[in-house]
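Visitor: Before anything else, here's the structure in question.
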Amino acid sequence: MKVGLLIEEIFDEREFIYPYYRVQESGLEPVVIGPESRAYKAKSGWMARADVAAHEVKAAELAGLVIPGGYAPDRLRRSADVLELVRAIDEAGKPLAAICHAGWVLISAGVIKGRRLTGYHSIKDDLVNAGADYVNEPLVTSGNLITSRGPADLPVWVRAFVEAVTKSS
C-alpha cells in the first residue's frame with residue numbers, strides 16, 4: 001500500500017523524515033509528492049526529492065496522505081493540484097494526517113469546517129475562522145482527519161496515522 005507525503009520548500013524535516021520512515025517500517029510504501037517532481041529544501045537546508053508531482057497522483061492509488069508542517073504548507077496551499085488531492089483523499093474517507101502549520105492546507109482545501117482538530121498555536125485563529133473546532137491537544141482525530149500540534153507530538157501522531165491506514169485497508 002502506498003502512502004503519500006506532501007513536500008514543498010521550507011518543510012520541517014522532522015515532520016517529514018519521522019513519518020516517512022515510520023510508514024516504511026510498518027510495511028507501507030511512502031511516496032513523496034510535491035507540486036512538481038523535483039528536489040525541495042527543508043528549513044535546515046537539507047534536501048529531499050518529490051517522487052511525483054501532485055497532478056500525477058490519484059487518491060485511489062493512496063491508502064492515506066501525510067501533510068508535514070514547517071512553512072511548506074503556505075506554499076502547498078497555492079497548488080490547485082495539491083488541494084485537489086487533499087480533497088479527494090478526504091472525500092474518500094482515507095486517513096489524512098496534518099501537523100503544525102499543515103492546517104493551512106486543510107483550510108485551503110475546504111475540509112475542516114465543523115471538524116475538531118489541532119495545529120500549531122499560531123494558526124489557531126486561521127483554523128477557527130475557517131470553521132474548525134480547535135483544541136490544544138497532542139492528537140485530535142475527527143473521522144479520517146488526524147492532527148497534531150508540532151514535533152513534540154510526532155510519536156503519537158504518526159502511530160495514530162499508521163494504525164488508521166492499516167485498519168482502513
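Ligands are numbered from 1 in the order shown, residues from 1 within each chain, and chains are lettered A, B, ... in the order they appear in the C-alpha cells.
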Write out as a VMD selection string each polymer residue whose atoms come within 8 Å of Gly131 of chain A, counting only C-alpha atoms; drop sequence neighbours fewer than 6 positions from it.

Guide: chain A and resid 112 to 115

Visitor: Once DSSP has gone over the backbone, tell me which residues of chain A are in strand (DSSP E or B), as an NGL selection string.

Guide: :A and (2-6 or 11 or 29-34 or 39-42 or 47-49 or 52-53 or 64-67 or 70 or 96-99 or 116-117 or 133-134 or 140-142 or 145-148)

Visitor: Show me, as a tab-separated table, the residues of segment 40-70 of chain A having an atom within 8 Å of segment 32-36 of chain A, each with the closest atom pair and its distance in Å, using only C-alpha atoms.

Guide:
residue	atom	partner	partner_atom	distance
A:Arg49	CA	A:Val32	CA	7.2
A:Ala50	CA	A:Val32	CA	4.8
A:Asp51	CA	A:Val32	CA	5.1
A:Val52	CA	A:Ile33	CA	5.2
A:Ala53	CA	A:Glu36	CA	4.3
A:Ala54	CA	A:Pro35	CA	5.3
A:His55	CA	A:Pro35	CA	7.6

Visitor: May I have the residues within 12 Å of Ala152 of chain A as an MDAnalysis selection string, using only C-alpha atoms and disregarding those fewer than 4 positions away in the same chain?

Guide: chainID A and resid 14:15 18 99:100 119:120 137:139 148 156:158

Visitor: Give me, as an NGL selection string, all polymer residues having an atom no more than 10 Å from Thr141 of chain A, counting only C-alpha atoms and skipping those fewer than 6 positions away in the same chain.

Guide: :A and (95-97 or 115-118 or 147-148 or 157 or 160-161)

Visitor: Grab the residues selected above and save them as an mmCIF file, in the first residue's frame with N, CA and C atoms.

Guide:
data_model
loop_
_atom_site.group_PDB
_atom_site.id
_atom_site.type_symbol
_atom_site.label_atom_id
_atom_site.label_comp_id
_atom_site.auth_asym_id
_atom_site.auth_seq_id
_atom_site.Cartn_x
_atom_site.Cartn_y
_atom_site.Cartn_z
ATOM 1 N N PRO A 95 -7.290 8.019 5.597
ATOM 2 C CA PRO A 95 -6.574 8.762 6.630
ATOM 3 C C PRO A 95 -5.805 9.950 6.049
ATOM 4 N N LEU A 96 -6.035 11.109 6.665
ATOM 5 C CA LEU A 96 -5.431 12.364 6.241
ATOM 6 C C LEU A 96 -4.800 12.982 7.483
ATOM 7 N N ALA A 97 -3.460 13.029 7.516
ATOM 8 C CA ALA A 97 -2.733 13.489 8.695
ATOM 9 C C ALA A 97 -2.075 14.836 8.434
ATOM 10 N N ARG A 115 -15.239 20.465 11.924
ATOM 11 C CA ARG A 115 -14.438 19.345 12.425
ATOM 12 C C ARG A 115 -13.566 19.779 13.584
ATOM 13 N N ARG A 116 -13.313 18.843 14.486
ATOM 14 C CA ARG A 116 -12.462 19.069 15.652
ATOM 15 C C ARG A 116 -11.028 18.739 15.250
ATOM 16 N N LEU A 117 -10.096 19.665 15.523
ATOM 17 C CA LEU A 117 -8.707 19.427 15.160
ATOM 18 C C LEU A 117 -7.773 20.294 15.973
ATOM 19 N N THR A 118 -6.480 20.074 15.764
ATOM 20 C CA THR A 118 -5.457 20.887 16.398
ATOM 21 C C THR A 118 -4.407 21.247 15.363
ATOM 22 N N THR A 147 -4.767 15.056 13.423
ATOM 23 C CA THR A 147 -3.952 16.264 13.526
ATOM 24 C C THR A 147 -3.158 16.312 14.827
ATOM 25 N N SER A 148 -2.022 17.013 14.765
ATOM 26 C CA SER A 148 -1.176 17.252 15.930
ATOM 27 C C SER A 148 -0.593 18.655 15.844
ATOM 28 N N TRP A 157 1.167 11.092 16.873
ATOM 29 C CA TRP A 157 0.528 11.435 15.599
ATOM 30 C C TRP A 157 0.793 10.365 14.529
ATOM 31 N N ALA A 160 -0.920 7.011 15.328
ATOM 32 C CA ALA A 160 -2.353 7.055 15.019
ATOM 33 C C ALA A 160 -2.610 6.968 13.520
ATOM 34 N N PHE A 161 -1.782 7.646 12.734
ATOM 35 C CA PHE A 161 -1.943 7.609 11.282
ATOM 36 C C PHE A 161 -1.697 6.210 10.733
#

Visitor: Neighbours of Ser44 of chain A within 10 Å (only C-alpha atoms; same-chain residues fewer than 6 positions away dropped), as a list of chain:residue names?

Guide: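 That gives A:Ile10, A:Phe11, A:Asp12, A:Glu13.
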
Visitor: Just the selected residues (all heavy atoms), exported as a short mmCIF file (atom, residue, chain, number, x, y, z; two decimals), in the first residue's frame, please.

Guide:
data_model
loop_
_atom_site.label_atom_id
_atom_site.label_comp_id
_atom_site.auth_asym_id
_atom_site.auth_seq_id
_atom_site.Cartn_x
_atom_site.Cartn_y
_atom_site.Cartn_z
N ILE A 10 10.87 24.75 2.28
CA ILE A 10 10.90 25.15 3.69
C ILE A 10 10.04 24.22 4.56
O ILE A 10 9.44 24.63 5.53
CB ILE A 10 10.49 26.63 3.88
CG1 ILE A 10 11.07 27.52 2.76
CG2 ILE A 10 11.02 27.14 5.23
CD1 ILE A 10 10.57 28.95 2.81
N PHE A 11 10.02 22.93 4.20
CA PHE A 11 9.30 21.95 5.02
C PHE A 11 10.08 21.69 6.30
O PHE A 11 11.29 21.91 6.37
CB PHE A 11 9.05 20.65 4.25
CG PHE A 11 10.29 19.88 3.88
CD1 PHE A 11 10.75 18.84 4.68
CD2 PHE A 11 10.98 20.17 2.71
CE1 PHE A 11 11.89 18.11 4.33
CE2 PHE A 11 12.12 19.46 2.35
CZ PHE A 11 12.58 18.43 3.17
N ASP A 12 9.37 21.23 7.33
CA ASP A 12 10.03 20.85 8.58
C ASP A 12 10.55 19.43 8.40
O ASP A 12 9.76 18.49 8.27
CB ASP A 12 9.05 20.93 9.76
CG ASP A 12 9.73 20.69 11.08
OD1 ASP A 12 10.36 19.61 11.25
OD2 ASP A 12 9.62 21.55 11.97
N GLU A 13 11.87 19.27 8.38
CA GLU A 13 12.46 17.96 8.10
C GLU A 13 12.06 16.91 9.13
O GLU A 13 11.92 15.74 8.81
CB GLU A 13 13.97 18.04 7.93
CG GLU A 13 14.72 18.60 9.10
CD GLU A 13 14.73 20.13 9.14
OE1 GLU A 13 14.15 20.79 8.27
OE2 GLU A 13 15.32 20.65 10.09
#

Visitor: To one decimal in Å, tell me the separation between atom CA of Glu8 of chain A and atom CA of Gln24 of chain A.

Guide: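 Going from atom CA of Glu8 of chain A over to atom CA of Gln24 of chain A covers 20.4 Å.
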
Visitor: Would you mind telling me which residue in A:Ile17, A:Leu65, A:Ala164, A:Ala39 lies nearest to Lys2 of chain A when using only C-alpha atoms?

Guide: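 Ranking A:Ile17, A:Leu65, A:Ala164, A:Ala39 by distance to Lys2 of chain A, first place goes to A:Leu65.
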
Visitor: Nearest residue to Ile7 of chain A out of A:Gly110, A:Gly103, A:Gly70, A:Gly143, using only C-alpha atoms?

Guide: A:Gly70

Visitor: Using only C-alpha atoms, find the one residue out of A:Ala102, A:Ala132, A:Ala80, A:Val111 that sits nearest to Arg149 of chain A.

Guide: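 So, comparing all the options, the nearest one is A:Ala102.
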
Visitor: Run DSSP on the backbone of this structure and report the residues of segment 65-99 of chain A it assigns to alpha helix (DSSP H), as a ChimeraX atom specification.

Guide: /A:72-76,80-91

Visitor: Can you pull out the residues contacting Gly64 of chain A? Cut-off 10 Å, using only C-alpha atoms, and skip same-chain residues under 2 positions away; I want them as a list in words.

Guide: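 Residues meeting the cut-off are Met1, Lys2, Val3, Gly4, Leu5, Pro30, Ala59, Ala60, Glu61, Leu62, Val66, Val86, Ile89, Asp90, Ala92, Gly93, Lys94, Pro95, Leu96, Ala97, Asn144, Phe161, Val162, Ala164, Val165, Thr166, Ser168 and Ser169 of chain A.
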
Visitor: Tell me which protein, DNA and RNA residues are within 8 Å of Ala109 of chain A, counting only C-alpha atoms, leaving out same-chain ones fewer than 3 positions away, and put them as JSON, numbers by chain.

Guide: {"A": [77, 83, 84, 86, 87, 105, 106]}

Visitor: Output all heavy atoms for every residue in the selection just made, as an mmCIF file, in the first residue's frame.

Guide:
data_model
loop_
_atom_site.group_PDB
_atom_site.id
_atom_site.type_symbol
_atom_site.label_atom_id
_atom_site.label_comp_id
_atom_site.auth_asym_id
_atom_site.auth_seq_id
_atom_site.Cartn_x
_atom_site.Cartn_y
_atom_site.Cartn_z
ATOM 1 N N ARG A 77 -0.531 25.170 -0.200
ATOM 2 C CA ARG A 77 -1.917 25.612 -0.339
ATOM 3 C C ARG A 77 -2.153 26.441 -1.596
ATOM 4 O O ARG A 77 -3.285 26.714 -1.968
ATOM 5 C CB ARG A 77 -2.350 26.379 0.907
ATOM 6 C CG ARG A 77 -1.694 27.736 1.034
ATOM 7 C CD ARG A 77 -1.888 28.414 2.359
ATOM 8 N NE ARG A 77 -3.276 28.529 2.742
ATOM 9 C CZ ARG A 77 -3.709 29.222 3.777
ATOM 10 N NH1 ARG A 77 -2.865 29.854 4.549
ATOM 11 N NH2 ARG A 77 -4.982 29.281 4.066
ATOM 12 N N LEU A 83 -4.293 20.726 -3.571
ATOM 13 C CA LEU A 83 -5.588 20.880 -2.902
ATOM 14 C C LEU A 83 -6.608 19.869 -3.422
ATOM 15 O O LEU A 83 -7.393 19.319 -2.649
ATOM 16 C CB LEU A 83 -6.102 22.311 -3.066
ATOM 17 C CG LEU A 83 -5.225 23.392 -2.431
ATOM 18 C CD1 LEU A 83 -5.832 24.766 -2.683
ATOM 19 C CD2 LEU A 83 -5.003 23.139 -0.954
ATOM 20 N N GLU A 84 -6.575 19.612 -4.703
ATOM 21 C CA GLU A 84 -7.475 18.611 -5.293
ATOM 22 C C GLU A 84 -7.192 17.223 -4.713
ATOM 23 O O GLU A 84 -8.117 16.482 -4.373
ATOM 24 C CB GLU A 84 -7.309 18.593 -6.812
ATOM 25 C CG GLU A 84 -8.247 17.644 -7.520
ATOM 26 C CD GLU A 84 -8.055 17.689 -9.029
ATOM 27 O OE1 GLU A 84 -7.855 18.776 -9.582
ATOM 28 O OE2 GLU A 84 -8.106 16.604 -9.653
ATOM 29 N N VAL A 86 -5.781 16.551 -1.755
ATOM 30 C CA VAL A 86 -6.195 16.560 -0.343
ATOM 31 C C VAL A 86 -7.711 16.375 -0.239
ATOM 32 O O VAL A 86 -8.193 15.566 0.555
ATOM 33 C CB VAL A 86 -5.739 17.858 0.360
ATOM 34 C CG1 VAL A 86 -6.372 17.993 1.744
ATOM 35 C CG2 VAL A 86 -4.213 17.895 0.463
ATOM 36 N N ARG A 87 -8.463 17.097 -1.051
ATOM 37 C CA ARG A 87 -9.934 16.969 -1.043
ATOM 38 C C ARG A 87 -10.362 15.556 -1.421
ATOM 39 O O ARG A 87 -11.261 14.974 -0.811
ATOM 40 C CB ARG A 87 -10.571 17.974 -2.003
ATOM 41 C CG ARG A 87 -10.766 19.344 -1.418
ATOM 42 C CD ARG A 87 -11.630 20.225 -2.308
ATOM 43 N NE ARG A 87 -10.996 20.529 -3.579
ATOM 44 C CZ ARG A 87 -10.159 21.538 -3.777
ATOM 45 N NH1 ARG A 87 -9.842 22.352 -2.791
ATOM 46 N NH2 ARG A 87 -9.635 21.753 -4.963
ATOM 47 N N VAL A 105 -3.157 24.004 4.730
ATOM 48 C CA VAL A 105 -3.525 23.240 3.529
ATOM 49 C C VAL A 105 -4.964 22.734 3.663
ATOM 50 O O VAL A 105 -5.744 22.800 2.715
ATOM 51 C CB VAL A 105 -2.541 22.068 3.288
ATOM 52 C CG1 VAL A 105 -2.959 21.259 2.071
ATOM 53 C CG2 VAL A 105 -1.116 22.587 3.128
ATOM 54 N N LEU A 106 -5.304 22.263 4.860
ATOM 55 C CA LEU A 106 -6.666 21.780 5.095
ATOM 56 C C LEU A 106 -7.682 22.911 4.922
ATOM 57 O O LEU A 106 -8.770 22.700 4.363
ATOM 58 C CB LEU A 106 -6.779 21.183 6.496
ATOM 59 C CG LEU A 106 -5.846 20.021 6.820
ATOM 60 C CD1 LEU A 106 -6.006 19.611 8.281
ATOM 61 C CD2 LEU A 106 -6.090 18.843 5.892
#

Visitor: Please, what distance in Å, to one decimal, runs between atom CA of Lys167 of chain A and atom CA of Ile67 of chain A?

Guide: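 Atom CA of Ile67 of chain A lies 19.7 Å from atom CA of Lys167 of chain A.
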
Visitor: Counting only C-alpha atoms, figure out which residue out of A:Trp46, A:Tyr20, A:Trp104, A:Tyr71 gets nearest to Leu154 of chain A.

Guide: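 Counting only C-alpha atoms, the residue closest to Leu154 of chain A is A:Tyr20.
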